[in-house]
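Below is data_29.txt, holding compact mmCIF, C-alpha atoms.
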```txt
# COMPACT_ATOMS: atom_id res chain seq x y z
CA MET C 512 0.00 0.00 0.00
CA ASP C 513 1.31 3.43 -0.86
CA GLY C 514 -0.04 6.43 1.04
CA GLY C 515 1.73 9.15 -0.92
CA ASN C 516 2.21 12.08 1.48
CA ARG C 517 -1.11 11.71 3.30
CA PRO C 518 -1.49 9.54 6.41
CA TRP C 519 -3.13 6.16 6.04
CA THR C 520 -4.07 3.87 8.90
CA LEU C 521 -4.04 0.07 8.93
CA VAL C 522 -7.08 -1.00 10.94
CA GLY C 523 -7.27 -4.75 10.38
CA VAL C 524 -6.23 -7.97 8.71
CA THR C 525 -8.04 -11.15 7.71
CA LEU C 526 -5.95 -14.24 6.96
CA SER C 527 -7.20 -17.51 5.53
CA VAL C 528 -4.97 -20.57 5.27
CA MET C 529 -5.35 -23.87 3.45
CA GLU C 530 -2.86 -26.39 4.78
CA ASN C 531 -0.84 -28.33 2.23
CA ALA C 532 0.66 -30.66 4.83
CA ASP C 533 -0.30 -32.10 8.19
CA GLY C 534 0.72 -30.16 11.29
CA TRP C 535 0.43 -26.68 12.72
CA TRP C 536 0.57 -23.86 10.16
CA GLY C 537 1.24 -21.16 12.75
CA GLU C 538 4.34 -19.89 14.55
CA GLY C 539 5.22 -17.61 11.62
CA ASP C 540 6.52 -14.27 12.87
CA ASP C 541 4.56 -11.20 11.78
CA MET C 542 6.53 -8.18 10.58
CA LEU C 543 5.36 -4.68 9.66
CA PHE C 544 7.65 -2.41 7.67
CA VAL C 545 6.44 1.20 7.89
CA ASP C 546 7.34 3.83 5.28
CA GLY C 547 10.10 1.89 3.51
CA GLU C 548 11.89 0.51 6.56
CA GLU C 549 14.57 -2.10 5.89
CA LYS C 550 14.01 -3.67 9.31
CA PRO C 551 10.46 -4.02 10.66
CA SER C 552 9.37 -1.58 13.34
CA ILE C 553 6.89 -4.21 14.52
CA ASN C 554 8.19 -7.78 14.76
CA GLY C 555 5.83 -10.21 16.44
CA THR C 556 6.31 -13.66 17.90
CA GLY C 557 3.95 -15.74 15.81
CA SER C 558 0.71 -15.89 13.91
CA GLU C 559 -1.26 -17.25 16.85
CA ASP C 560 -0.05 -14.33 18.99
CA TYR C 561 -0.74 -11.70 16.30
CA PHE C 562 -4.29 -12.98 15.86
CA LEU C 563 -4.70 -13.25 19.68
CA GLY C 564 -5.35 -17.00 19.70
CA ALA C 565 -2.39 -18.22 21.76
CA TRP C 566 -1.67 -21.93 22.08
CA GLY C 567 -2.68 -22.47 18.46
CA PHE C 568 -6.40 -21.72 18.79
CA THR C 569 -6.85 -25.03 20.64
CA GLY C 570 -10.23 -24.12 22.11
CA GLY C 571 -12.10 -24.32 18.81
CA PRO C 572 -13.62 -21.53 16.71
CA PHE C 573 -14.19 -18.16 18.39
CA SER C 574 -15.24 -14.64 17.37
CA TYR C 575 -14.91 -11.38 19.28
CA ALA C 576 -15.29 -7.77 18.17
CA LEU C 577 -11.59 -7.18 17.37
CA PHE C 578 -10.18 -10.69 16.84
CA GLY C 579 -11.22 -14.24 16.18
CA ALA C 580 -10.78 -17.57 14.48
CA PRO C 581 -14.25 -18.41 13.17
CA VAL C 582 -12.98 -21.16 10.85
CA ARG C 583 -10.64 -23.64 12.51
CA GLY C 584 -9.19 -26.69 10.76
CA LEU C 585 -7.73 -29.89 12.19
CA GLU C 586 -4.02 -29.40 11.36
CA LEU C 587 -4.29 -31.82 8.40
CA ALA C 588 -3.52 -31.33 4.71
CA GLY C 589 -6.55 -29.70 3.10
CA ALA C 590 -7.75 -28.11 6.36
CA ARG C 591 -8.91 -24.50 6.16
CA TRP C 592 -8.53 -21.74 8.71
CA SER C 593 -9.67 -18.14 8.84
CA VAL C 594 -8.50 -15.63 11.45
CA TYR C 595 -8.89 -11.87 11.85
CA ARG C 596 -7.64 -8.98 13.92
CA PHE C 597 -8.76 -5.37 13.90
CA HIS C 598 -6.42 -2.64 15.16
CA LEU C 599 -9.13 -0.15 16.09
CA ASP C 600 -7.55 0.11 19.55
CA SER C 601 -3.96 0.04 18.24
CA ALA C 602 -3.98 1.48 14.72
CA ILE C 603 -0.79 1.53 12.65
CA THR C 604 -0.28 4.80 10.76
CA PHE C 605 1.93 5.29 7.71
CA THR C 606 2.41 7.95 5.06
CA LYS C 607 4.64 6.40 2.40
CA SER C 608 4.11 2.63 2.44
CA LEU C 609 3.29 -0.36 4.59
CA ARG C 610 4.53 -3.88 3.98
CA ALA C 611 3.01 -6.54 6.22
CA THR C 612 4.50 -10.03 6.16
CA ILE C 613 4.04 -13.24 8.10
CA GLU C 614 6.22 -16.32 7.87
CA HIS C 615 4.66 -19.55 6.64
CA GLY C 616 5.22 -21.69 9.71
CA HIS C 617 8.25 -21.39 11.95
CA ALA C 618 11.04 -19.78 9.86
CA ASN C 619 9.05 -20.23 6.61
CA ASP C 620 9.22 -24.02 6.80
CA ARG C 621 5.73 -24.64 5.34
CA ALA C 622 4.17 -24.31 1.89
CA ASP C 623 0.53 -23.67 2.83
CA ASP C 624 -1.68 -21.36 0.76
CA TYR C 625 -2.24 -18.01 2.52
CA TYR C 626 -4.91 -15.49 1.51
CA SER C 627 -5.13 -12.12 3.21
CA VAL C 628 -7.05 -8.87 3.18
CA ALA C 629 -5.86 -5.64 4.80
CA TYR C 630 -8.31 -2.96 5.92
CA TRP C 631 -7.24 0.67 6.11
CA TYR C 632 -8.47 4.24 6.26
CA GLN C 633 -7.13 6.65 3.68
CA THR C 634 -7.64 10.17 2.47
CA GLU C 635 -8.65 11.01 -1.08
CA PRO C 636 -7.46 11.26 -3.75
CA HIS C 637 -5.17 8.24 -3.97
CA ALA C 638 -3.16 6.48 -6.67
CA VAL C 639 -4.84 3.84 -8.82
CA PHE C 640 -4.61 0.39 -7.26
CA PRO C 641 -3.12 -2.44 -9.33
CA ALA C 642 -5.51 -4.91 -10.93
CA LEU C 643 -6.25 -8.10 -9.02
CA PRO C 644 -5.01 -11.39 -10.51
CA PRO C 645 -7.66 -13.49 -12.29
CA VAL C 646 -9.99 -15.47 -9.99
CA GLU C 647 -8.41 -18.78 -11.07
CA GLU C 648 -5.08 -17.62 -9.65
CA ARG C 649 -6.66 -16.61 -6.34
CA LEU C 650 -8.50 -19.85 -5.55
CA PRO C 651 -6.88 -22.22 -3.02
CA ASN C 652 -5.42 -25.46 -4.33
CA LEU C 653 -4.12 -28.37 -2.29
CA HIS C 654 -0.45 -28.96 -3.13
CA ARG C 655 0.87 -31.92 -1.18
CA PRO C 656 4.65 -31.73 -0.75
CA THR C 657 6.68 -34.50 -2.33
CA PRO C 658 8.57 -36.68 0.18
```

Produce structure tokens that represent the structure in this file.
Amino acid sequence: MDGGNRPWTLVGVTLSVMENADGWWGEGDDMLFVDGEEKPSINGTGSEDYFLGAWGFTGGPFSYALFGAPVRGLELAGARWSVYRFHLDSAITFTKSLRATIEHGHANDRADDYYSVAYWYQTEPHAVFPALPPVEERLPNLHRPTP
């Protein structure tokens, strides 16, 4: 996202995961690079912590006003998850750019399919957004790793 010279505010993220292998997809560190930073100003400790579902969301699906895991898989290949977090109480402001990343598993050791949406407030006018890829390229596909 590019904010030009006007402030923008990240207010939330939705992440959906389709597992391509058995096991826990989480533990990936979240990193937010504000306004072109080379090193992240926010470096979290794992996807389950970022989405406020510590211990791997073991209690089953849950939904609250600012965070939740309404779709919870079984840590098996083909399982689907969906988690969200809104930063309405801890907004992240930027003026030039924001790059949000999260590792795929601990130290990027998994090849699951991740799908995300970022929610932000912005001022007008803004630059034209790039076109989305075709729907076929955005649909999840199960890709079992070769042994």

Just give me the residues with any atom within 10 Å of (-12.3, -26.7, -1.0), file coordinates, counting all atoms listed in the file, written as an MDAnalysis selection string.
-> chainID C and resid 529 589:591 650:653

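Atom pair CA of Tyr625 in chain C / CA of Ser574 in chain C has a distance of 20.0 Å (rounded to one decimal).
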
Just the residues within 10 Å of Asp623 in chain C, please, counting all atoms listed in the file, with nothing from its chain fewer than 3 positions along; format it as a list in words.
->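 Final neighbour list, sorted by chain and number: Val528, Met529, Glu530, Asn531, Ala532, Trp536, Ala588, Gly589, His615, Gly616, Asn619, Asp620, Tyr626, Pro651, Asn652, Leu653, His654, Arg655 and Pro656 of chain C.
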
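Taking only C-alpha atoms into account, those protein, DNA and RNA residues with any atom at most 10 Å away from (-4.7, 3.2, 4.7) amount to Met512, Asp513, Gly514, Arg517, Pro518, Trp519, Thr520, Leu521, Val522, Ile603, Thr604, Phe605, Thr606, Ser608, Leu609, Ala629, Tyr630, Trp631, Tyr632, Gln633 and Thr634 of chain C.
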
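Note that CA of Ser558 in chain C and CA of Pro572 in chain C are 15.7 Å apart.
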
For Trp566 in chain C, the closest of C:Glu538, C:Ser601, C:Phe640, C:Ile613 counting only C-alpha atoms is C:Glu538

When distances are computed from all atoms listed in the file, which of C:Gly537, C:Pro551, C:Ala638, C:His598 shows the smallest separation from Ala565 in chain C?
->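 Counting all atoms listed in the file, the residue closest to Ala565 in chain C is C:Gly537.
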
Hey, can you check how far CA of Arg621 in chain C sits from CA of Glu548 in chain C?
->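 One can read the CA of Arg621 in chain C to CA of Glu548 in chain C distance as 25.9 Å.
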
Range 538-550 of chain C: axis-aligned bounding box, 6 Å on each side, centre and edge lengths in Å, one decimal, as JSON:
```
{"center_x": 9.5, "center_y": -8.0, "center_z": 9.0, "size_x": 22.2, "size_y": 35.7, "size_z": 23.0}
```

Just the residues within 8 Å of Ala618 in chain C, please, counting only C-alpha atoms, with nothing from its chain fewer than 3 positions along; format it as a PyMOL selection string.
-> chain C and resi 539-540+614-615

Exercise: Trp535 in chain C partners within 10 Å, only C-alpha atoms, chain neighbours under 6 positions left out, as a ChimeraX atom specification = /C:567,584-587,616-617,621

All residues 10 Å or closer to range 568-571 of chain C, only C-alpha atoms, same chain fewer than 2 positions away omitted, as a tab-separated table (two decimals) with C-alpha atoms, in the coordinates of the input:
```
chain	number	residue	atom	x	y	z
C	537	GLY	CA	1.24	-21.16	12.75
C	559	GLU	CA	-1.26	-17.25	16.85
C	560	ASP	CA	-0.05	-14.33	18.99
C	562	PHE	CA	-4.29	-12.98	15.86
C	563	LEU	CA	-4.70	-13.25	19.68
C	564	GLY	CA	-5.35	-17.00	19.70
C	565	ALA	CA	-2.39	-18.22	21.76
C	566	TRP	CA	-1.67	-21.93	22.08
C	573	PHE	CA	-14.19	-18.16	18.39
C	579	GLY	CA	-11.22	-14.24	16.18
C	580	ALA	CA	-10.78	-17.57	14.48
C	581	PRO	CA	-14.25	-18.41	13.17
C	582	VAL	CA	-12.98	-21.16	10.85
C	583	ARG	CA	-10.64	-23.64	12.51
C	584	GLY	CA	-9.19	-26.69	10.76
C	585	LEU	CA	-7.73	-29.89	12.19
C	594	VAL	CA	-8.50	-15.63	11.45
```

Ser552 in chain C environment, 8 Å, all atoms listed in the file, sequence neighbours closer than 3 positions dropped, as an MDAnalysis selection string | chainID C and resid 542:545 548

Coords for range 567-644 of chain C, C-alpha atoms, as a JSON list (two decimals), in the first residue's frame:
```json
[["chain", "number", "residue", "atom", "x", "y", "z"],
["C", 567, "GLY", "CA", -2.68, -22.47, 18.46],
["C", 568, "PHE", "CA", -6.40, -21.72, 18.79],
["C", 569, "THR", "CA", -6.85, -25.03, 20.64],
["C", 570, "GLY", "CA", -10.23, -24.12, 22.11],
["C", 571, "GLY", "CA", -12.10, -24.32, 18.81],
["C", 572, "PRO", "CA", -13.62, -21.53, 16.71],
["C", 573, "PHE", "CA", -14.19, -18.16, 18.39],
["C", 574, "SER", "CA", -15.24, -14.64, 17.37],
["C", 575, "TYR", "CA", -14.91, -11.38, 19.28],
["C", 576, "ALA", "CA", -15.29, -7.77, 18.17],
["C", 577, "LEU", "CA", -11.59, -7.18, 17.37],
["C", 578, "PHE", "CA", -10.18, -10.69, 16.84],
["C", 579, "GLY", "CA", -11.22, -14.24, 16.18],
["C", 580, "ALA", "CA", -10.78, -17.57, 14.48],
["C", 581, "PRO", "CA", -14.25, -18.41, 13.17],
["C", 582, "VAL", "CA", -12.98, -21.16, 10.85],
["C", 583, "ARG", "CA", -10.64, -23.64, 12.51],
["C", 584, "GLY", "CA", -9.19, -26.69, 10.76],
["C", 585, "LEU", "CA", -7.73, -29.89, 12.19],
["C", 586, "GLU", "CA", -4.02, -29.40, 11.36],
["C", 587, "LEU", "CA", -4.29, -31.82, 8.40],
["C", 588, "ALA", "CA", -3.52, -31.33, 4.71],
["C", 589, "GLY", "CA", -6.55, -29.70, 3.10],
["C", 590, "ALA", "CA", -7.75, -28.11, 6.36],
["C", 591, "ARG", "CA", -8.91, -24.50, 6.16],
["C", 592, "TRP", "CA", -8.53, -21.74, 8.71],
["C", 593, "SER", "CA", -9.67, -18.14, 8.84],
["C", 594, "VAL", "CA", -8.50, -15.63, 11.45],
["C", 595, "TYR", "CA", -8.89, -11.87, 11.85],
["C", 596, "ARG", "CA", -7.64, -8.98, 13.92],
["C", 597, "PHE", "CA", -8.76, -5.37, 13.90],
["C", 598, "HIS", "CA", -6.42, -2.64, 15.16],
["C", 599, "LEU", "CA", -9.13, -0.15, 16.09],
["C", 600, "ASP", "CA", -7.55, 0.11, 19.55],
["C", 601, "SER", "CA", -3.96, 0.04, 18.24],
["C", 602, "ALA", "CA", -3.98, 1.48, 14.72],
["C", 603, "ILE", "CA", -0.79, 1.53, 12.65],
["C", 604, "THR", "CA", -0.28, 4.80, 10.76],
["C", 605, "PHE", "CA", 1.93, 5.29, 7.71],
["C", 606, "THR", "CA", 2.41, 7.95, 5.06],
["C", 607, "LYS", "CA", 4.64, 6.40, 2.40],
["C", 608, "SER", "CA", 4.11, 2.63, 2.44],
["C", 609, "LEU", "CA", 3.29, -0.36, 4.59],
["C", 610, "ARG", "CA", 4.53, -3.88, 3.98],
["C", 611, "ALA", "CA", 3.01, -6.54, 6.22],
["C", 612, "THR", "CA", 4.50, -10.03, 6.16],
["C", 613, "ILE", "CA", 4.04, -13.24, 8.10],
["C", 614, "GLU", "CA", 6.22, -16.32, 7.87],
["C", 615, "HIS", "CA", 4.66, -19.55, 6.64],
["C", 616, "GLY", "CA", 5.22, -21.69, 9.71],
["C", 617, "HIS", "CA", 8.25, -21.39, 11.95],
["C", 618, "ALA", "CA", 11.04, -19.78, 9.86],
["C", 619, "ASN", "CA", 9.05, -20.23, 6.61],
["C", 620, "ASP", "CA", 9.22, -24.02, 6.80],
["C", 621, "ARG", "CA", 5.73, -24.64, 5.34],
["C", 622, "ALA", "CA", 4.17, -24.31, 1.89],
["C", 623, "ASP", "CA", 0.53, -23.67, 2.83],
["C", 624, "ASP", "CA", -1.68, -21.36, 0.76],
["C", 625, "TYR", "CA", -2.24, -18.01, 2.52],
["C", 626, "TYR", "CA", -4.91, -15.49, 1.51],
["C", 627, "SER", "CA", -5.13, -12.12, 3.21],
["C", 628, "VAL", "CA", -7.05, -8.87, 3.18],
["C", 629, "ALA", "CA", -5.86, -5.64, 4.80],
["C", 630, "TYR", "CA", -8.31, -2.96, 5.92],
["C", 631, "TRP", "CA", -7.24, 0.67, 6.11],
["C", 632, "TYR", "CA", -8.47, 4.24, 6.26],
["C", 633, "GLN", "CA", -7.13, 6.65, 3.68],
["C", 634, "THR", "CA", -7.64, 10.17, 2.47],
["C", 635, "GLU", "CA", -8.65, 11.01, -1.08],
["C", 636, "PRO", "CA", -7.46, 11.26, -3.75],
["C", 637, "HIS", "CA", -5.17, 8.24, -3.97],
["C", 638, "ALA", "CA", -3.16, 6.48, -6.67],
["C", 639, "VAL", "CA", -4.84, 3.84, -8.82],
["C", 640, "PHE", "CA", -4.61, 0.39, -7.26],
["C", 641, "PRO", "CA", -3.12, -2.44, -9.33],
["C", 642, "ALA", "CA", -5.51, -4.91, -10.93],
["C", 643, "LEU", "CA", -6.25, -8.10, -9.02],
["C", 644, "PRO", "CA", -5.01, -11.39, -10.51]]
```
